[in-house]
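*Asks:* Below you'll find entry_36.pdb; it's PDB, C-alpha atoms.
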```pdb
ATOM      1  CA  MET A 833       0.792 -29.273 -20.651  1.00  0.00           C
ATOM      2  CA  ASP A 834       2.451 -29.893 -24.006  1.00  0.00           C
ATOM      3  CA  VAL A 835       2.632 -26.270 -25.210  1.00  0.00           C
ATOM      4  CA  ARG A 836       4.474 -25.551 -28.450  1.00  0.00           C
ATOM      5  CA  THR A 837       4.639 -22.753 -31.014  1.00  0.00           C
ATOM      6  CA  GLU A 838       4.294 -23.181 -34.784  1.00  0.00           C
ATOM      7  CA  ARG A 839       4.696 -20.737 -37.685  1.00  0.00           C
ATOM      8  CA  TYR A 840       2.509 -20.653 -40.788  1.00  0.00           C
ATOM      9  CA  VAL A 841       3.414 -18.386 -43.712  1.00  0.00           C
ATOM     10  CA  GLY A 842       1.044 -17.304 -46.469  1.00  0.00           C
ATOM     11  CA  SER A 843      -1.301 -19.974 -47.793  1.00  0.00           C
ATOM     12  CA  ALA A 844      -0.009 -22.507 -45.236  1.00  0.00           C
ATOM     13  CA  LEU A 845      -2.374 -20.799 -42.785  1.00  0.00           C
ATOM     14  CA  ARG A 846      -5.174 -22.790 -44.445  1.00  0.00           C
ATOM     15  CA  GLU A 847      -4.168 -25.743 -42.218  1.00  0.00           C
ATOM     16  CA  VAL A 848      -5.335 -23.894 -39.089  1.00  0.00           C
ATOM     17  CA  GLN A 849      -7.856 -21.434 -40.558  1.00  0.00           C
ATOM     18  CA  ASP A 850     -10.964 -22.920 -38.913  1.00  0.00           C
ATOM     19  CA  GLU A 851      -9.324 -23.349 -35.496  1.00  0.00           C
ATOM     20  CA  LEU A 852      -7.964 -19.812 -35.620  1.00  0.00           C
ATOM     21  CA  ALA A 853     -11.385 -18.414 -36.590  1.00  0.00           C
ATOM     22  CA  ARG A 854     -13.023 -20.120 -33.584  1.00  0.00           C
ATOM     23  CA  LEU A 855     -10.289 -18.901 -31.228  1.00  0.00           C
ATOM     24  CA  ARG A 856     -10.634 -15.311 -32.427  1.00  0.00           C
ATOM     25  CA  VAL A 857     -14.397 -15.359 -31.817  1.00  0.00           C
ATOM     26  CA  THR A 858     -13.849 -16.674 -28.282  1.00  0.00           C
ATOM     27  CA  VAL A 859     -11.101 -14.287 -27.168  1.00  0.00           C
ATOM     28  CA  PHE A 860     -12.393 -11.142 -28.861  1.00  0.00           C
ATOM     29  CA  ARG A 861     -15.644 -11.360 -26.851  1.00  0.00           C
ATOM     30  CA  GLU A 862     -13.588 -10.156 -23.873  1.00  0.00           C
ATOM     31  CA  PHE A 863     -13.047  -6.503 -22.982  1.00  0.00           C
ATOM     32  CA  PRO A 864     -11.815  -4.287 -24.584  1.00  0.00           C
ATOM     33  CA  TYR A 865     -12.985  -5.689 -27.949  1.00  0.00           C
ATOM     34  CA  LEU A 866     -16.394  -7.061 -26.893  1.00  0.00           C
ATOM     35  CA  TYR A 867     -16.700  -8.428 -30.421  1.00  0.00           C
ATOM     36  CA  ASP A 868     -19.808 -10.436 -31.248  1.00  0.00           C
ATOM     37  CA  GLY A 869     -18.303 -12.356 -34.138  1.00  0.00           C
ATOM     38  CA  THR A 870     -18.950 -15.604 -35.963  1.00  0.00           C
ATOM     39  CA  PRO A 871     -16.544 -18.299 -37.154  1.00  0.00           C
ATOM     40  CA  GLU A 872     -17.910 -17.825 -40.678  1.00  0.00           C
ATOM     41  CA  TYR A 873     -17.016 -14.126 -40.773  1.00  0.00           C
ATOM     42  CA  GLU A 874     -13.608 -14.821 -39.245  1.00  0.00           C
ATOM     43  CA  ALA A 875     -12.835 -17.521 -41.794  1.00  0.00           C
ATOM     44  CA  GLU A 876     -13.633 -15.017 -44.541  1.00  0.00           C
ATOM     45  CA  TYR A 877     -11.478 -12.348 -42.851  1.00  0.00           C
ATOM     46  CA  LEU A 878      -8.509 -14.730 -42.839  1.00  0.00           C
ATOM     47  CA  HIS A 879      -8.592 -15.075 -46.647  1.00  0.00           C
ATOM     48  CA  THR A 880      -6.411 -11.953 -46.822  1.00  0.00           C
ATOM     49  CA  TYR A 881      -3.656 -13.873 -45.019  1.00  0.00           C
ATOM     50  CA  LEU A 882      -4.048 -16.897 -47.272  1.00  0.00           C
ATOM     51  CA  SER A 883      -3.615 -14.724 -50.360  1.00  0.00           C
ATOM     52  CA  THR A 884      -0.648 -12.706 -49.011  1.00  0.00           C
ATOM     53  CA  PRO A 885       2.613 -14.666 -49.425  1.00  0.00           C
ATOM     54  CA  ASP A 886       4.468 -12.748 -46.683  1.00  0.00           C
ATOM     55  CA  SER A 887       1.730 -13.047 -44.044  1.00  0.00           C
ATOM     56  CA  LEU A 888       2.496 -14.888 -40.810  1.00  0.00           C
ATOM     57  CA  ALA A 889       0.481 -16.725 -38.188  1.00  0.00           C
ATOM     58  CA  VAL A 890       2.205 -17.835 -34.993  1.00  0.00           C
ATOM     59  CA  ILE A 891       0.099 -20.618 -33.494  1.00  0.00           C
ATOM     60  CA  VAL A 892       0.288 -21.955 -29.933  1.00  0.00           C
ATOM     61  CA  ARG A 893      -0.902 -25.498 -29.331  1.00  0.00           C
ATOM     62  CA  ASP A 894      -1.449 -27.440 -26.141  1.00  0.00           C
ATOM     63  CA  GLY A 895      -1.245 -30.956 -27.482  1.00  0.00           C
ATOM     64  CA  GLU A 896      -3.249 -30.698 -30.691  1.00  0.00           C
ATOM     65  CA  ARG A 897      -5.565 -27.920 -29.452  1.00  0.00           C
ATOM     66  CA  VAL A 898      -4.955 -24.363 -30.751  1.00  0.00           C
ATOM     67  CA  VAL A 899      -4.943 -22.132 -27.649  1.00  0.00           C
ATOM     68  CA  GLY A 900      -3.293 -18.981 -28.990  1.00  0.00           C
ATOM     69  CA  ALA A 901      -2.378 -17.206 -32.194  1.00  0.00           C
ATOM     70  CA  SER A 902      -0.769 -14.031 -33.461  1.00  0.00           C
ATOM     71  CA  THR A 903      -0.969 -12.726 -37.018  1.00  0.00           C
ATOM     72  CA  ALA A 904       0.896 -10.195 -39.153  1.00  0.00           C
ATOM     73  CA  LEU A 905       1.211  -9.105 -42.772  1.00  0.00           C
ATOM     74  CA  PRO A 906       2.494  -6.222 -44.889  1.00  0.00           C
ATOM     75  CA  LEU A 907       0.457  -3.087 -44.222  1.00  0.00           C
ATOM     76  CA  SER A 908       0.179  -2.674 -48.002  1.00  0.00           C
ATOM     77  CA  ALA A 909      -2.033  -5.807 -48.051  1.00  0.00           C
ATOM     78  CA  GLU A 910      -4.415  -4.413 -45.428  1.00  0.00           C
ATOM     79  CA  THR A 911      -7.673  -2.505 -45.789  1.00  0.00           C
ATOM     80  CA  PRO A 912      -7.837   1.213 -46.711  1.00  0.00           C
ATOM     81  CA  GLU A 913      -8.936   2.040 -43.138  1.00  0.00           C
ATOM     82  CA  LEU A 914      -5.601   0.776 -41.818  1.00  0.00           C
ATOM     83  CA  ARG A 915      -3.413   2.174 -44.595  1.00  0.00           C
ATOM     84  CA  GLU A 916      -4.942   5.652 -44.761  1.00  0.00           C
ATOM     85  CA  PRO A 917      -3.560   7.099 -41.483  1.00  0.00           C
ATOM     86  CA  PHE A 918      -0.034   6.229 -42.615  1.00  0.00           C
ATOM     87  CA  GLU A 919      -0.536   7.610 -46.122  1.00  0.00           C
ATOM     88  CA  ARG A 920      -2.028  10.803 -44.670  1.00  0.00           C
ATOM     89  CA  GLY A 921       0.964  11.119 -42.319  1.00  0.00           C
ATOM     90  CA  GLY A 922       3.532  10.745 -45.090  1.00  0.00           C
ATOM     91  CA  HIS A 923       4.691   7.223 -44.171  1.00  0.00           C
ATOM     92  CA  ASP A 924       5.803   4.789 -46.859  1.00  0.00           C
ATOM     93  CA  VAL A 925       3.216   2.036 -46.411  1.00  0.00           C
ATOM     94  CA  SER A 926       5.433  -0.444 -48.270  1.00  0.00           C
ATOM     95  CA  ARG A 927       7.992  -0.188 -45.416  1.00  0.00           C
ATOM     96  CA  VAL A 928       5.513  -0.965 -42.609  1.00  0.00           C
ATOM     97  CA  PHE A 929       4.803  -4.499 -41.379  1.00  0.00           C
ATOM     98  CA  TYR A 930       1.460  -4.696 -39.609  1.00  0.00           C
ATOM     99  CA  LEU A 931       1.136  -6.801 -36.453  1.00  0.00           C
ATOM    100  CA  ALA A 932      -2.544  -7.537 -36.735  1.00  0.00           C
ATOM    101  CA  GLU A 933      -3.873  -9.415 -33.685  1.00  0.00           C
ATOM    102  CA  SER A 934      -2.878 -11.686 -30.845  1.00  0.00           C
ATOM    103  CA  VAL A 935      -5.352 -13.969 -29.103  1.00  0.00           C
ATOM    104  CA  LEU A 936      -4.622 -16.310 -26.211  1.00  0.00           C
ATOM    105  CA  LEU A 937      -6.960 -18.234 -23.942  1.00  0.00           C
ATOM    106  CA  PRO A 938      -6.914 -16.847 -20.366  1.00  0.00           C
ATOM    107  CA  GLU A 939      -5.344 -19.899 -18.746  1.00  0.00           C
ATOM    108  CA  TYR A 940      -2.257 -19.562 -20.989  1.00  0.00           C
ATOM    109  CA  ARG A 941      -1.548 -15.901 -20.240  1.00  0.00           C
ATOM    110  CA  GLY A 942       1.337 -14.760 -18.059  1.00  0.00           C
ATOM    111  CA  ARG A 943       3.728 -17.416 -19.424  1.00  0.00           C
ATOM    112  CA  GLY A 944       5.726 -15.270 -21.834  1.00  0.00           C
ATOM    113  CA  LEU A 945       3.734 -16.188 -24.938  1.00  0.00           C
ATOM    114  CA  GLY A 946       2.867 -12.524 -25.572  1.00  0.00           C
ATOM    115  CA  VAL A 947       6.595 -11.764 -25.790  1.00  0.00           C
ATOM    116  CA  THR A 948       7.023 -14.724 -28.152  1.00  0.00           C
ATOM    117  CA  PHE A 949       4.268 -13.372 -30.382  1.00  0.00           C
ATOM    118  CA  PHE A 950       6.081 -10.050 -30.782  1.00  0.00           C
ATOM    119  CA  GLU A 951       9.524 -11.628 -31.212  1.00  0.00           C
ATOM    120  CA  GLU A 952       8.321 -14.040 -33.898  1.00  0.00           C
ATOM    121  CA  ARG A 953       6.474 -11.401 -35.910  1.00  0.00           C
ATOM    122  CA  GLU A 954       9.318  -8.881 -35.700  1.00  0.00           C
ATOM    123  CA  ALA A 955      11.842 -11.565 -36.705  1.00  0.00           C
ATOM    124  CA  HIS A 956       9.666 -12.444 -39.706  1.00  0.00           C
ATOM    125  CA  ALA A 957       9.560  -8.765 -40.756  1.00  0.00           C
ATOM    126  CA  ARG A 958      13.361  -8.568 -40.499  1.00  0.00           C
ATOM    127  CA  ARG A 959      13.811 -11.742 -42.568  1.00  0.00           C
ATOM    128  CA  LEU A 960      11.692 -10.239 -45.338  1.00  0.00           C
ATOM    129  CA  GLY A 961      14.243  -7.413 -45.493  1.00  0.00           C
ATOM    130  CA  GLN A 962      12.079  -4.542 -46.716  1.00  0.00           C
ATOM    131  CA  TYR A 963      10.445  -3.198 -43.541  1.00  0.00           C
ATOM    132  CA  ASP A 964      11.624  -0.359 -41.315  1.00  0.00           C
ATOM    133  CA  VAL A 965       8.662  -0.238 -38.943  1.00  0.00           C
ATOM    134  CA  THR A 966       6.303  -2.636 -37.201  1.00  0.00           C
ATOM    135  CA  ALA A 967       2.916  -1.307 -36.167  1.00  0.00           C
ATOM    136  CA  PHE A 968      -0.355  -2.378 -34.610  1.00  0.00           C
ATOM    137  CA  CYS A 969      -3.516  -0.625 -33.500  1.00  0.00           C
ATOM    138  CA  ALA A 970      -5.623  -0.960 -30.369  1.00  0.00           C
ATOM    139  CA  VAL A 971      -9.232  -0.074 -29.640  1.00  0.00           C
ATOM    140  CA  GLN A 972      -9.770   2.972 -27.433  1.00  0.00           C
ATOM    141  CA  ARG A 973     -12.418   2.404 -24.750  1.00  0.00           C
ATOM    142  CA  PRO A 974     -13.351   4.984 -22.097  1.00  0.00           C
ATOM    143  CA  ASP A 975     -12.187   4.345 -18.530  1.00  0.00           C
ATOM    144  CA  ASP A 976     -15.798   4.311 -17.383  1.00  0.00           C
ATOM    145  CA  HIS A 977     -17.024   1.822 -20.006  1.00  0.00           C
ATOM    146  CA  PRO A 978     -19.836  -0.223 -18.413  1.00  0.00           C
ATOM    147  CA  ARG A 979     -18.283  -3.541 -19.451  1.00  0.00           C
ATOM    148  CA  ARG A 980     -14.783  -2.705 -18.219  1.00  0.00           C
ATOM    149  CA  PRO A 981     -13.903  -5.454 -15.706  1.00  0.00           C
ATOM    150  CA  GLU A 982     -12.874  -4.428 -12.210  1.00  0.00           C
ATOM    151  CA  GLY A 983      -9.085  -4.463 -11.971  1.00  0.00           C
ATOM    152  CA  TYR A 984      -8.626  -4.394 -15.740  1.00  0.00           C
ATOM    153  CA  VAL A 985      -5.073  -3.363 -16.681  1.00  0.00           C
ATOM    154  CA  PRO A 986      -4.446  -2.180 -20.270  1.00  0.00           C
ATOM    155  CA  LEU A 987      -1.460  -3.623 -22.110  1.00  0.00           C
ATOM    156  CA  ASP A 988       0.218  -0.219 -22.606  1.00  0.00           C
ATOM    157  CA  ALA A 989       3.107  -0.946 -20.220  1.00  0.00           C
ATOM    158  CA  PHE A 990       3.771  -4.305 -21.893  1.00  0.00           C
ATOM    159  CA  TRP A 991       3.785  -2.702 -25.339  1.00  0.00           C
ATOM    160  CA  ARG A 992       6.158   0.057 -24.206  1.00  0.00           C
ATOM    161  CA  LYS A 993       8.491  -2.560 -22.756  1.00  0.00           C
ATOM    162  CA  ARG A 994       8.536  -4.192 -26.204  1.00  0.00           C
ATOM    163  CA  GLY A 995       9.711  -0.849 -27.646  1.00  0.00           C
ATOM    164  CA  TYR A 996       6.416   0.438 -29.030  1.00  0.00           C
ATOM    165  CA  GLU A 997       5.368   4.084 -28.905  1.00  0.00           C
ATOM    166  CA  ARG A 998       1.764   5.257 -28.836  1.00  0.00           C
ATOM    167  CA  ARG A 999       1.088   7.532 -31.808  1.00  0.00           C
ATOM    168  CA  PRO A1000      -2.015   9.681 -31.206  1.00  0.00           C
ATOM    169  CA  GLU A1001      -1.689  11.277 -34.647  1.00  0.00           C
ATOM    170  CA  LEU A1002      -2.232   7.860 -36.278  1.00  0.00           C
ATOM    171  CA  THR A1003      -5.856   6.927 -35.691  1.00  0.00           C
ATOM    172  CA  THR A1004      -8.620   5.208 -37.599  1.00  0.00           C
ATOM    173  CA  THR A1005     -11.981   3.607 -36.995  1.00  0.00           C
ATOM    174  CA  LEU A1006     -12.964  -0.027 -37.488  1.00  0.00           C
ATOM    175  CA  SER A1007     -16.502  -1.323 -37.223  1.00  0.00           C
ATOM    176  CA  TRP A1008     -17.841  -4.444 -35.559  1.00  0.00           C
ATOM    177  CA  PRO A1009     -20.881  -5.344 -33.445  1.00  0.00           C
ATOM    178  CA  ASP A1010     -20.309  -5.177 -29.701  1.00  0.00           C
ATOM    179  CA  LEU A1011     -21.953  -7.873 -27.594  1.00  0.00           C
ATOM    180  CA  ASP A1012     -24.957  -5.634 -26.875  1.00  0.00           C
ATOM    181  CA  GLU A1013     -25.293  -4.224 -30.412  1.00  0.00           C
ATOM    182  CA  ALA A1014     -27.553  -5.512 -33.183  1.00  0.00           C
ATOM    183  CA  GLU A1015     -25.339  -4.012 -35.890  1.00  0.00           C
ATOM    184  CA  ALA A1016     -21.706  -3.027 -36.357  1.00  0.00           C
ATOM    185  CA  SER A1017     -20.682   0.418 -35.113  1.00  0.00           C
ATOM    186  CA  PRO A1018     -17.407   2.333 -35.588  1.00  0.00           C
ATOM    187  CA  LYS A1019     -14.746   1.979 -32.872  1.00  0.00           C
ATOM    188  CA  PRO A1020     -11.798   4.395 -32.473  1.00  0.00           C
ATOM    189  CA  MET A1021      -8.397   2.770 -32.945  1.00  0.00           C
ATOM    190  CA  MET A1022      -4.912   4.140 -32.199  1.00  0.00           C
ATOM    191  CA  PHE A1023      -1.630   2.905 -33.641  1.00  0.00           C
ATOM    192  CA  TRP A1024       1.569   1.959 -31.847  1.00  0.00           C
ATOM    193  CA  LEU A1025       4.879   1.898 -33.760  1.00  0.00           C
ATOM    194  CA  ARG A1026       8.385   0.553 -33.352  1.00  0.00           C
ATOM    195  CA  THR A1027      11.399   1.090 -35.575  1.00  0.00           C
ATOM    196  CA  LEU A1028      12.897  -2.270 -36.502  1.00  0.00           C
ATOM    197  CA  GLY A1029      16.507  -2.530 -35.364  1.00  0.00           C
TER     198      GLY A1029
END
```
Would you put the structure from the file into structure tokens?
*Replies:*
Amino acid sequence: MDVRTERYVGSALREVQDELARLRVTVFREFPYLYDGTPEYEAEYLHTYLSTPDSLAVIVRDGERVVGASTALPLSAETPELREPFERGGHDVSRVFYLAESVLLPEYRGRGLGVTFFEEREAHARRLGQYDVTAFCAVQRPDDHPRRPEGYVPLDAFWRKRGYERRPELTTTLSWPDLDEAEASPKPMMFWLRTLG
């Protein structure tokens, strides 16, 4: 395998927009997201990154094929649903860098690329020089969810090892259609935070 990592900042993401949209649709079908998305919607979603100069996409290629990606941008550029919990809690949104999503095809997991995704995004936030905190949010699914795979292990331990703390007081809801839903429905999300050192 010829696996390498590339960084795209701001509008440069346009070079990989379509490949990233397809990858997101593929990976987010898995538990816990169970997202029934389309490349067209994902391409539209990624316009926020194209129009945000400080956004970042870390892309993993095997040869020329995009097999993984991780995105981030200033929280101030995100939707009201993501900003509101911080504003309500008295946080300065302009000091928070939001680690949006990471997607990686199953056969490339367990090789340290998840660590690389965090390191690259945190390093980018430090280079920008105006952020005190990095944050992300994760969907909350019940332990007895019917689509939960046997042996499924949440990423909580990995996130804690990266220095992130679960913050139950910072919650929101995001809506998307699950695989067995005809329309989008709200999903509970909880934030994890780390102080940038």
*Asks:* Tell me, as a PDB file with C-alpha atoms, in the frame of the given file, which residues lie within 8 Å of region 839-844 of chain A, counting all atoms listed in the file; anything in the same chain fewer than 5 positions away does not count.
*Replies:*
```
ATOM      1  CA  TYR A 881      -3.656 -13.873 -45.019  1.00  0.00           C
ATOM      2  CA  LEU A 882      -4.048 -16.897 -47.272  1.00  0.00           C
ATOM      3  CA  SER A 883      -3.615 -14.724 -50.360  1.00  0.00           C
ATOM      4  CA  THR A 884      -0.648 -12.706 -49.011  1.00  0.00           C
ATOM      5  CA  PRO A 885       2.613 -14.666 -49.425  1.00  0.00           C
ATOM      6  CA  ASP A 886       4.468 -12.748 -46.683  1.00  0.00           C
ATOM      7  CA  SER A 887       1.730 -13.047 -44.044  1.00  0.00           C
ATOM      8  CA  LEU A 888       2.496 -14.888 -40.810  1.00  0.00           C
ATOM      9  CA  ALA A 889       0.481 -16.725 -38.188  1.00  0.00           C
ATOM     10  CA  VAL A 890       2.205 -17.835 -34.993  1.00  0.00           C
ATOM     11  CA  ILE A 891       0.099 -20.618 -33.494  1.00  0.00           C
TER      12      ILE A 891
END
```
*Asks:* Restricting the calculation to all atoms listed in the file, which member of A:Arg927, A:Arg953, A:Arg1026, A:Arg897 is positioned closest to Arg998 (chain A)?
*Replies:*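 Among A:Arg927, A:Arg953, A:Arg1026, A:Arg897, it is A:Arg1026 that comes nearest to Arg998 (chain A).
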*Asks:* Measuring atom to atom with only C-alpha atoms, identify which of A:Asp1012, A:Glu896, A:Glu913, A:Glu876 is nearest to Arg846 (chain A).
*Replies:*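 Of all the options, A:Glu876 lies closest to Arg846 (chain A).
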*Asks:* Can you spell out as JSON, numbers by chain the set of residues that the PyMOL selection byres ((chain A and resi 855-870) around 9) selects in the structure I just provided?
*Replies:* {"A": [850, 851, 852, 853, 854, 871, 872, 873, 874, 875, 898, 899, 900, 901, 934, 935, 936, 937, 938, 971, 972, 973, 979, 980, 981, 984, 986, 1008, 1009, 1010, 1011, 1012, 1013]}
*Asks:* Could you please determine the separation between CA of Arg999 (chain A) and CA of Leu987 (chain A) in Å, to one decimal place?
*Replies:*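 Between these atoms lies a distance of 15.0 Å.
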*Asks:* Measure the distance from CA of Ala904 (chain A) to CA of Ala1016 (chain A) in Å and round it to one decimal.
*Replies:*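 Those two atoms sit 23.9 Å apart.
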*Asks:* Just so the selection is clear, what residues does the PyMOL selection byres ((chain A and resi 964) around 6) cover here, as a short mmCIF file (atom, residue, chain, number, x, y, z; two decimals) with C-alpha atoms, in the frame of the given file?
*Replies:*
```
data_model
loop_
_atom_site.label_atom_id
_atom_site.label_comp_id
_atom_site.auth_asym_id
_atom_site.auth_seq_id
_atom_site.Cartn_x
_atom_site.Cartn_y
_atom_site.Cartn_z
CA ARG A 927 7.99 -0.19 -45.42
CA TYR A 963 10.44 -3.20 -43.54
CA VAL A 965 8.66 -0.24 -38.94
CA THR A 1027 11.40 1.09 -35.58
CA LEU A 1028 12.90 -2.27 -36.50
#
```
*Asks:* Take every atom of region 840-852 of chain A listed in the file, pad by 6 Å on each side, and give me the axis-aligned box centre and edge lengths in Å, one decimal, as lines of an AutoDock Vina configuration file.
*Replies:*
```
center_x = -3.8
center_y = -21.5
center_z = -41.6
size_x = 26.4
size_y = 20.4
size_z = 24.3
```
*Asks:* Would you mind telling me which residue in A:Phe950, A:Phe929, A:Tyr940, A:Phe1023 lies nearest to Phe990 (chain A) when using only C-alpha atoms?
*Replies:*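 Of A:Phe950, A:Phe929, A:Tyr940, A:Phe1023, the one nearest Phe990 (chain A), counting only C-alpha atoms, is A:Phe950.
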*Asks:* Name the closest residue to Glu916 (chain A) among the candidates A:Leu1002, A:Met1021, A:Arg994, A:Glu954; distances are taken between atoms, counting all atoms listed in the file.
*Replies:* A:Leu1002
*Asks:* Using Å and a single decimal, report how far CA of Leu845 (chain A) sits from CA of Phe918 (chain A).
*Replies:* 27.1 Å
*Asks:* Could you spell out the hits of the PyMOL selection byres ((chain A and resi 1019) around 7) on the shown file, as a ChimeraX atom specification?
*Replies:* /A:971,1005-1007,1017-1018,1020-1021
*Asks:* In terms of the shortest atom-to-atom distance over all atoms listed in the file, which of A:Leu1025, A:Leu905, A:Cys969, A:Ala1014 is closest to His923 (chain A)?
*Replies:* A:Leu1025
*Asks:* Identify, on the basis of all atoms listed in the file, every residue whose closest approach to Ala967 (chain A) does not exceed 6 Å; exclude the query and any residue fewer than 5 positions from it along the same chain; express the result as a list in words.
*Replies:*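 Contacts, in chain order: Tyr930, Leu931, Trp1024 and Leu1025 of chain A.
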*Asks:* Is it possible to get the residues within 7 Å of (4.4, -23.0, -29.4) (coordinates as in the file, counting all atoms listed in the file) written as a PDB file with C-alpha atoms, keeping the file's coordinate frame?
*Replies:*
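Result went into part.pdb, see below:
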```
ATOM      1  CA  VAL A 835       2.632 -26.270 -25.210  1.00  0.00           C
ATOM      2  CA  ARG A 836       4.474 -25.551 -28.450  1.00  0.00           C
ATOM      3  CA  THR A 837       4.639 -22.753 -31.014  1.00  0.00           C
ATOM      4  CA  GLU A 838       4.294 -23.181 -34.784  1.00  0.00           C
ATOM      5  CA  ILE A 891       0.099 -20.618 -33.494  1.00  0.00           C
ATOM      6  CA  VAL A 892       0.288 -21.955 -29.933  1.00  0.00           C
ATOM      7  CA  ARG A 893      -0.902 -25.498 -29.331  1.00  0.00           C
TER       8      ARG A 893
END
```
*Asks:* Which residue out of A:Tyr877, A:Arg992, A:Arg920, A:Asp834 has the minimum interatomic distance to Gln849 (chain A) when only C-alpha atoms are used?
*Replies:*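 Result for the nearest residue to Gln849 (chain A): A:Tyr877.
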*Asks:* Within 8 Å of (-1.1, -0.2, -44.7) (coordinates as in the file), grab all the protein and nucleic acid residues, counting only C-alpha atoms, and write them out as a list in words.
*Replies:* Pro906, Leu907, Ser908, Ala909, Glu910, Thr911, Pro912, Leu914, Arg915, Glu916, Phe918, Glu919, Val925, Ser926, Val928 and Tyr930 of chain A
